[in-house]
Every structure is written in C-alpha cells, then in structure tokens.
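Trainee: This one is coords.pdb, PDB, C-alpha atoms, pLDDT in the B column.
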ATOM      1  CA  MET F   1     -72.223 -79.975 -34.561  1.00 54.00           C
ATOM      2  CA  ILE F   2     -74.842 -77.566 -33.202  1.00 57.00           C
ATOM      3  CA  HIS F   3     -76.812 -80.502 -31.824  1.00 60.00           C
ATOM      4  CA  TYR F   4     -73.765 -82.023 -30.121  1.00 62.00           C
ATOM      5  CA  PHE F   5     -72.683 -78.752 -28.540  1.00 61.00           C
ATOM      6  CA  GLY F   6     -76.241 -78.086 -27.439  1.00 61.00           C
ATOM      7  CA  ASP F   7     -76.365 -81.501 -25.797  1.00 65.00           C
ATOM      8  CA  ILE F   8     -73.393 -80.704 -23.578  1.00 66.00           C
ATOM      9  CA  HIS F   9     -75.737 -78.752 -21.284  1.00 65.00           C
ATOM     10  CA  GLN F  10     -78.037 -81.753 -20.905  1.00 71.00           C
ATOM     11  CA  PRO F  11     -76.820 -84.165 -18.179  1.00 73.00           C
ATOM     12  CA  LEU F  12     -79.809 -86.411 -18.783  1.00 78.00           C
ATOM     13  CA  HIS F  13     -78.176 -87.584 -22.024  1.00 74.00           C
ATOM     14  CA  SER F  14     -75.614 -89.504 -20.003  1.00 73.00           C
ATOM     15  CA  VAL F  15     -77.827 -91.034 -17.313  1.00 75.00           C
ATOM     16  CA  SER F  16     -80.967 -93.068 -16.980  1.00 80.00           C
ATOM     17  CA  ARG F  17     -83.118 -93.767 -13.946  1.00 84.00           C
ATOM     18  CA  TYR F  18     -83.611 -97.491 -13.367  1.00 88.00           C
ATOM     19  CA  THR F  19     -86.370 -98.380 -10.928  1.00 87.00           C
ATOM     20  CA  ALA F  20     -89.059-101.017 -10.530  1.00 90.00           C
ATOM     21  CA  ASP F  21     -91.307 -98.750 -12.625  1.00 86.00           C
ATOM     22  CA  TYR F  22     -88.573 -98.272 -15.269  1.00 84.00           C
ATOM     23  CA  PRO F  23     -86.600-101.529 -15.390  1.00 90.00           C
ATOM     24  CA  ASN F  24     -85.160-100.504 -18.774  1.00 89.00           C
ATOM     25  CA  GLY F  25     -84.444 -96.930 -17.680  1.00 86.00           C
ATOM     26  CA  ASP F  26     -86.381 -93.710 -18.134  1.00 87.00           C
ATOM     27  CA  MET F  27     -84.767 -92.715 -21.462  1.00 87.00           C
ATOM     28  CA  GLY F  28     -82.785 -89.862 -19.937  1.00 85.00           C
ATOM     29  CA  GLY F  29     -85.771 -88.354 -18.153  1.00 85.00           C
ATOM     30  CA  ASN F  30     -88.151 -88.596 -21.128  1.00 87.00           C
ATOM     31  CA  LEU F  31     -90.350 -91.113 -19.303  1.00 89.00           C
ATOM     32  CA  PHE F  32     -90.195 -89.181 -16.003  1.00 86.00           C
ATOM     33  CA  THR F  33     -93.407 -87.186 -16.378  1.00 85.00           C
ATOM     34  CA  ILE F  34     -94.118 -83.910 -14.618  1.00 83.00           C
ATOM     35  CA  ASP F  35     -97.079 -81.588 -14.377  1.00 79.00           C
ATOM     36  CA  PRO F  36     -96.577 -78.749 -16.879  1.00 72.00           C
ATOM     37  CA  MET F  37     -95.895 -75.477 -15.093  1.00 63.00           C
ATOM     38  CA  GLY F  38     -94.178 -72.128 -15.182  1.00 58.00           C
ATOM     39  CA  PRO F  39     -92.943 -70.119 -18.156  1.00 56.00           C
ATOM     40  CA  VAL F  40     -92.549 -73.166 -20.390  1.00 51.00           C
ATOM     41  CA  GLY F  41     -96.295 -73.841 -20.201  1.00 52.00           C
ATOM     42  CA  ASP F  42     -97.425 -77.252 -21.308  1.00 58.00           C
ATOM     43  CA  THR F  43     -94.428 -77.819 -23.588  1.00 68.00           C
ATOM     44  CA  ALA F  44     -92.400 -79.501 -20.839  1.00 78.00           C
ATOM     45  CA  ASP F  45     -94.294 -82.544 -19.673  1.00 83.00           C
ATOM     46  CA  ASN F  46     -91.240 -84.610 -18.744  1.00 84.00           C
ATOM     47  CA  LEU F  47     -87.984 -83.999 -16.903  1.00 83.00           C
ATOM     48  CA  HIS F  48     -85.837 -84.039 -20.055  1.00 82.00           C
ATOM     49  CA  ALA F  49     -87.997 -81.420 -21.805  1.00 81.00           C
ATOM     50  CA  LEU F  50     -88.036 -79.274 -18.677  1.00 79.00           C
ATOM     51  CA  TRP F  51     -84.241 -79.300 -18.495  1.00 78.00           C
ATOM     52  CA  ASP F  52     -83.990 -78.483 -22.211  1.00 75.00           C
ATOM     53  CA  SER F  53     -86.357 -75.559 -21.743  1.00 73.00           C
ATOM     54  CA  VAL F  54     -84.207 -73.930 -19.059  1.00 70.00           C
ATOM     55  CA  VAL F  55     -81.770 -72.414 -21.570  1.00 63.00           C
ATOM     56  CA  SER F  56     -84.450 -70.943 -23.832  1.00 65.00           C
ATOM     57  CA  THR F  57     -86.334 -69.613 -20.798  1.00 64.00           C
ATOM     58  CA  MET F  58     -83.142 -68.145 -19.364  1.00 64.00           C
ATOM     59  CA  ILE F  59     -82.176 -66.338 -22.567  1.00 65.00           C
ATOM     60  CA  GLY F  60     -85.739 -65.222 -23.264  1.00 68.00           C
ATOM     61  CA  LYS F  61     -85.838 -66.608 -26.785  1.00 71.00           C
ATOM     62  CA  ASP F  62     -86.243 -70.013 -28.389  1.00 69.00           C
ATOM     63  CA  PRO F  63     -84.612 -69.700 -31.810  1.00 72.00           C
ATOM     64  CA  GLN F  64     -85.795 -72.117 -34.445  1.00 74.00           C
ATOM     65  CA  GLN F  65     -83.425 -73.980 -36.725  1.00 75.00           C
ATOM     66  CA  PRO F  66     -81.919 -73.280 -39.089  1.00 85.00           C
ATOM     67  CA  LEU F  67     -80.557 -70.270 -37.268  1.00 82.00           C
ATOM     68  CA  ASP F  68     -80.456 -67.016 -39.187  1.00 88.00           C
ATOM     69  CA  ASN F  69     -77.765 -64.351 -38.719  1.00 91.00           C
ATOM     70  CA  GLU F  70     -79.868 -62.473 -36.163  1.00 89.00           C
ATOM     71  CA  ASP F  71     -80.281 -65.604 -34.023  1.00 84.00           C
ATOM     72  CA  TRP F  72     -76.546 -66.408 -34.248  1.00 86.00           C
ATOM     73  CA  ASP F  73     -75.691 -62.878 -33.130  1.00 88.00           C
ATOM     74  CA  TYR F  74     -78.204 -63.040 -30.272  1.00 83.00           C
ATOM     75  CA  LEU F  75     -76.941 -66.416 -29.039  1.00 80.00           C
ATOM     76  CA  THR F  76     -73.309 -65.331 -29.311  1.00 83.00           C
ATOM     77  CA  GLU F  77     -73.953 -62.168 -27.295  1.00 84.00           C
ATOM     78  CA  THR F  78     -75.909 -64.149 -24.703  1.00 77.00           C
ATOM     79  CA  ALA F  79     -73.139 -66.758 -24.372  1.00 75.00           C
ATOM     80  CA  VAL F  80     -70.547 -64.024 -23.884  1.00 81.00           C
ATOM     81  CA  ASP F  81     -72.737 -62.385 -21.222  1.00 77.00           C
ATOM     82  CA  ILE F  82     -73.155 -65.699 -19.388  1.00 69.00           C
ATOM     83  CA  MET F  83     -69.412 -66.398 -19.474  1.00 70.00           C
TER      84      MET F  83
END
In structure tokens, how does this file's structure come out?

Mentor:
Amino acid sequence: MIHYFGDIHQPLHSVSRYTADYPNGDMGGNLFTIDPMGPVGDTADNLHALWDSVVSTMIGKDPQQPLDNEDWDYLTETAVDIM
C-alpha cells in the first residue's frame, strides 16, 4: 500500500511521451534523460527520477524502507504540515 500511495504524487505513472525518438513511449519519463543537477546530485538522471526526488528534497529527508517508527512520525508530521 505504501508504494501505491506514494505513486499518487507521480503523474508520470499515467502518461508516456510518444515521439519519433520514442515510438513505444518513454516509460513514464524514465527514458527522458536530463543532466544531473541541483540538490539531488547525480541521482536523478531522467525526468521520472527527478520528479520522484522532489518530495524527498522538499521534506529534507529520504527515508529508507522499511520505515521505522521515527521515519513514520517524521513523515506524518510533514504531511500534516503540508496539508
């Protein structure tokens, strides 16, 4: 369930860019490469990864799974603040 709820923020899961260069689509931005930049460093080298990184950059933390109680508390407080 965590994965599905996390995917709600990712519009690239429901679209694909079809062009002459990508006749079969760009796999939701995974094949749309970008130059790594900014606070995400070289971890975001495609549009999909860049979009995914926005949330962790915005909240200042990139919790690893499985989440521990401290991470759950942090994410809950952050979600409440954003709302």

Trainee: Please indicate the distance in Å from atom CA of F:His48 to atom CA of F:Asn30, rounded to one decimal place.

Mentor: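 Here the two named atoms are 5.2 Å from each other.
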
Trainee: Quick one: distance from atom CA of F:Leu47 to atom CA of F:Asp35 in Å, one decimal?

Mentor: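 Taking atom CA of F:Leu47 as the start and atom CA of F:Asp35 as the end point, the length is 9.7 Å.
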
Trainee: Which residue out of F:Asp73, F:Lys61, F:Ala49, F:Met83 has the minimum interatomic distance to F:Leu12 when all atoms listed in the file are used?

Mentor: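 Among the listed residues, F:Ala49 lies closest to F:Leu12.
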
Trainee: Name all residues at most 12 Å from F:Leu67 (count only C-alpha atoms; drop same-chain ones fewer than 6 positions away) and give them as an NGL selection string.

Mentor: :F and (2 or 73-76)

Trainee: Could you jot down the atom CA of F:Asn46 to atom CA of F:Phe32 separation for me, Å, one decimal place?

Mentor: 5.4 Å
